[in-house]
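Presented below is the structure to which this report refers.
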Amino acid sequence: MAKIQKIKGVADLFPEESAKYAFMERTAREVFSAYGYGELRIPILEKTELFCRSIGEETDVVQKEMYTFPDRKGRSLTMRPEATAGVVRAYVENKIYQPGKVTKLYTYGPMFRYERPQAGRMRQFHQLDAEVFGASEPQADAEVLLMLATFLSKIGLEKLSFELNSLGCPECRPLYRKALDDFFNSVNKEELCEDCQRRVNSNPLRVLDCKNKKCAELTKDAPSIPDHLCRDCRDHFDAVIALIDEAGLVYTLNPRLVRGLDYYQRTAFEVTSGDIGSQTAVAGGGRYDGLVESLGGPKQVPGIGFACGMERLAMLLGDNFEEKLDFYVALVDQRAAGDALIFAEKLRKSGLKGEAAFVATSMKSQLRQANKLEVKKCFIFGTDEVENGTVTVKDMIEGGQESLPRDEYFK
RNA sequence: GUGGGUGUAGCUCAGUUGGUAGAGCACUUGGUUGUGGCCCAAGUGGCCGGGGGUUCAAGUCCCCUCACUCACCCCA
């Protein structure tokens, strides 16, 4: 029979790799709950409209990357390409909001985007996502940033850079866009790269972000967002900066940082690494004060949050996340197989982790196996005849005698 | 959607101007040994991604296809 292979852009994670994810999830739960966040579990499937309205009809994510299909009654469903929309939907639908009440939630799970896979980019990928509702104060922005930094530090990643910007609000952003349009009208668009000639109209902020040297040169003197912030946005941003400075967070201000999803405003940030290929962002987020309302919730419920890309973080983690076993029960005579199993069970009841061989092989290969597993102790089960009486089943079970500790064996 | 790279043993890879398929590691067995490791010897294991073509002869040349991978684009 022909074998069936997995579809493009998904992964099977065996223990060596899945242990990294388990470690990150465990750490995230610890850190997030220390900041007062509770876990929200939401569906992978949502109505397509949810993402169109939140992420933005014109974004690439919505236009060409979503797994969208009709269900059996012809309703359009979409496998979530990101987490925030679903969290906001749940928040609104369950009427969690109350005036003055702050809600902190986190969620974790697979996301889906139909893209060509490459390093750090899968069609099914996993995000850890945290959101705060009901707090417009800069303290919320600062706390979210600090929590993210704490999490990344706790999983052992220190060489990451935090980039920070403010995108303005519906008040000041149009003014900035006007200034930017004026600027692009003053430059020779022919000299921009092909992509940017298109982007000037579709997504002018992205032009400022272009890696092409020519584009970077041409847009060197483009108006910057922070220079066009309204008074409230300026004050807010300054307050956030003052707070994280005081808390000792190391970051860089990147006036050209933009977000890919339409709902962001004011504080926007990204955590990047230069060690995972061309996809540098390992986490990103920001404030989205208008989103709750645009998804049918009450007016003026602010929100802020971030998402971490687990695949990208996993690339930065070292090895050795697999838990080592405490013992191995070696089997050198099949007649002792049952005794080996029972003995292992007894050890497990006393709190040790380990395994017993099912099939007897030579002493040499059994000990080789124990060595490979890096167990602390190896027990040898055989019979008197085979063992020449060195270590016998009877001795170990009835007398409780262990074979030599690993150090003794392997010195 | 657009480009580049790679598909040969379980793994990492060699394979010369086309001439019957190789190494290291791993595994199994034996030797050595302080029951491991190290070292030595032997052994198991491949429709050379798939299909078509050229040729007396294709892993090697040509065409098609599939998969993986990196990059563009986009994003976490």
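Identifiers for the structure tokens are assigned positionally: chains receive A, B, ... in sequence, residues are indexed from 1 per chain, and ligands are indexed from 1 in the order shown.
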Within 12 Å of chain A, which residues of chain B are there when counting only C-alpha atoms (C1' of nucleotides)? Please give them as a list of chain:residue names.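 For chain B, the answer reads B:G1, B:U2, B:C27, B:U28, B:U29, B:G30, B:U33, B:G34, B:U35, B:G36, B:G37, B:G50, B:C66, B:A67, B:C68, B:U69, B:C70, B:A71, B:C72, B:C73, B:C74, B:C75, B:A76.
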Between A:Ile342, A:Cys193, A:Val301, A:Leu50, smallest distance to Val132 of chain A by only C-alpha atoms belongs to A:Val301
Exercise for review: For segment 328-340 of chain A, work out the shell of residues within 9 Å, counting only C-alpha atoms (C1' of nucleotides) and skipping chain neighbours fewer than 5 positions away, then give it as number ranges by chain.
Suggested key: A: 345, 353-363, 366-367, 369-370, 373, 375-383, 386-387, 393, 397
Quick one: DSSP strand (DSSP E or B) residues in segment 282-400 of chain A, as number ranges by chain? A: 282-287, 303-309, 327-331, 354-356, 377-381
Would you write out those residues with N, CA and C atoms, as a PDB file, in the first residue's frame?
```
ATOM      1  N   VAL A 282       9.653  37.002  16.703  1.00  0.00           N
ATOM      2  CA  VAL A 282       9.259  35.858  17.517  1.00  0.00           C
ATOM      3  C   VAL A 282       8.017  36.180  18.342  1.00  0.00           C
ATOM      4  N   ALA A 283       7.756  37.453  18.517  1.00  0.00           N
ATOM      5  CA  ALA A 283       6.545  37.856  19.230  1.00  0.00           C
ATOM      6  C   ALA A 283       6.177  39.253  18.772  1.00  0.00           C
ATOM      7  N   GLY A 284       4.918  39.567  18.838  1.00  0.00           N
ATOM      8  CA  GLY A 284       4.500  40.898  18.431  1.00  0.00           C
ATOM      9  C   GLY A 284       3.154  41.220  19.031  1.00  0.00           C
ATOM     10  N   GLY A 285       2.889  42.502  19.164  1.00  0.00           N
ATOM     11  CA  GLY A 285       1.596  42.849  19.723  1.00  0.00           C
ATOM     12  C   GLY A 285       1.416  44.348  19.786  1.00  0.00           C
ATOM     13  N   GLY A 286       0.381  44.739  20.502  1.00  0.00           N
ATOM     14  CA  GLY A 286       0.110  46.152  20.627  1.00  0.00           C
ATOM     15  C   GLY A 286      -1.295  46.407  21.133  1.00  0.00           C
ATOM     16  N   ARG A 287      -1.660  47.650  21.070  1.00  0.00           N
ATOM     17  CA  ARG A 287      -2.946  48.092  21.597  1.00  0.00           C
ATOM     18  C   ARG A 287      -3.984  48.105  20.478  1.00  0.00           C
ATOM     19  N   GLY A 303      -8.153  47.556  24.566  1.00  0.00           N
ATOM     20  CA  GLY A 303      -7.532  46.240  24.625  1.00  0.00           C
ATOM     21  C   GLY A 303      -6.068  46.336  24.234  1.00  0.00           C
ATOM     22  N   ILE A 304      -5.293  45.411  24.770  1.00  0.00           N
ATOM     23  CA  ILE A 304      -3.878  45.339  24.386  1.00  0.00           C
ATOM     24  C   ILE A 304      -3.409  43.908  24.588  1.00  0.00           C
ATOM     25  N   GLY A 305      -2.500  43.467  23.753  1.00  0.00           N
ATOM     26  CA  GLY A 305      -2.048  42.092  23.901  1.00  0.00           C
ATOM     27  C   GLY A 305      -0.875  41.769  22.996  1.00  0.00           C
ATOM     28  N   PHE A 306      -0.470  40.507  23.054  1.00  0.00           N
ATOM     29  CA  PHE A 306       0.633  40.070  22.197  1.00  0.00           C
ATOM     30  C   PHE A 306       0.477  38.604  21.853  1.00  0.00           C
ATOM     31  N   ALA A 307       1.224  38.176  20.863  1.00  0.00           N
ATOM     32  CA  ALA A 307       1.270  36.759  20.510  1.00  0.00           C
ATOM     33  C   ALA A 307       2.726  36.357  20.295  1.00  0.00           C
ATOM     34  N   CYS A 308       3.063  35.167  20.762  1.00  0.00           N
ATOM     35  CA  CYS A 308       4.405  34.621  20.553  1.00  0.00           C
ATOM     36  C   CYS A 308       4.324  33.487  19.552  1.00  0.00           C
ATOM     37  N   GLY A 309       5.249  33.426  18.629  1.00  0.00           N
ATOM     38  CA  GLY A 309       5.307  32.318  17.691  1.00  0.00           C
ATOM     39  C   GLY A 309       6.129  31.191  18.278  1.00  0.00           C
ATOM     40  N   PHE A 327      15.488   5.047  36.104  1.00  0.00           N
ATOM     41  CA  PHE A 327      16.008   3.675  36.116  1.00  0.00           C
ATOM     42  C   PHE A 327      15.696   2.936  34.820  1.00  0.00           C
ATOM     43  N   TYR A 328      16.428   1.870  34.604  1.00  0.00           N
ATOM     44  CA  TYR A 328      16.150   0.953  33.499  1.00  0.00           C
ATOM     45  C   TYR A 328      16.300  -0.453  34.029  1.00  0.00           C
ATOM     46  N   VAL A 329      15.293  -1.275  33.759  1.00  0.00           N
ATOM     47  CA  VAL A 329      15.397  -2.663  34.186  1.00  0.00           C
ATOM     48  C   VAL A 329      15.811  -3.488  32.970  1.00  0.00           C
ATOM     49  N   ALA A 330      17.047  -3.892  32.984  1.00  0.00           N
ATOM     50  CA  ALA A 330      17.603  -4.649  31.866  1.00  0.00           C
ATOM     51  C   ALA A 330      17.157  -6.094  31.950  1.00  0.00           C
ATOM     52  N   LEU A 331      16.991  -6.705  30.789  1.00  0.00           N
ATOM     53  CA  LEU A 331      16.502  -8.073  30.739  1.00  0.00           C
ATOM     54  C   LEU A 331      17.459  -8.920  29.901  1.00  0.00           C
ATOM     55  N   GLY A 354      10.897   5.317  34.962  1.00  0.00           N
ATOM     56  CA  GLY A 354      11.804   4.414  34.280  1.00  0.00           C
ATOM     57  C   GLY A 354      11.059   3.381  33.471  1.00  0.00           C
ATOM     58  N   GLU A 355      11.813   2.507  32.854  1.00  0.00           N
ATOM     59  CA  GLU A 355      11.164   1.476  32.073  1.00  0.00           C
ATOM     60  C   GLU A 355      11.905   0.161  32.180  1.00  0.00           C
ATOM     61  N   ALA A 356      11.161  -0.918  31.862  1.00  0.00           N
ATOM     62  CA  ALA A 356      11.729  -2.253  31.870  1.00  0.00           C
ATOM     63  C   ALA A 356      11.738  -2.774  30.440  1.00  0.00           C
ATOM     64  N   LYS A 377      20.071   4.565  37.550  1.00  0.00           N
ATOM     65  CA  LYS A 377      20.292   3.197  38.007  1.00  0.00           C
ATOM     66  C   LYS A 377      19.823   2.197  36.968  1.00  0.00           C
ATOM     67  N   CYS A 378      20.578   1.118  36.868  1.00  0.00           N
ATOM     68  CA  CYS A 378      20.198   0.047  35.961  1.00  0.00           C
ATOM     69  C   CYS A 378      20.117  -1.253  36.754  1.00  0.00           C
ATOM     70  N   PHE A 379      18.978  -1.923  36.653  1.00  0.00           N
ATOM     71  CA  PHE A 379      18.810  -3.209  37.333  1.00  0.00           C
ATOM     72  C   PHE A 379      18.860  -4.308  36.285  1.00  0.00           C
ATOM     73  N   ILE A 380      19.568  -5.358  36.615  1.00  0.00           N
ATOM     74  CA  ILE A 380      19.693  -6.431  35.638  1.00  0.00           C
ATOM     75  C   ILE A 380      18.848  -7.632  36.061  1.00  0.00           C
ATOM     76  N   PHE A 381      17.962  -8.030  35.181  1.00  0.00           N
ATOM     77  CA  PHE A 381      17.112  -9.174  35.468  1.00  0.00           C
ATOM     78  C   PHE A 381      17.445 -10.324  34.534  1.00  0.00           C
TER      79      PHE A 381
END
```
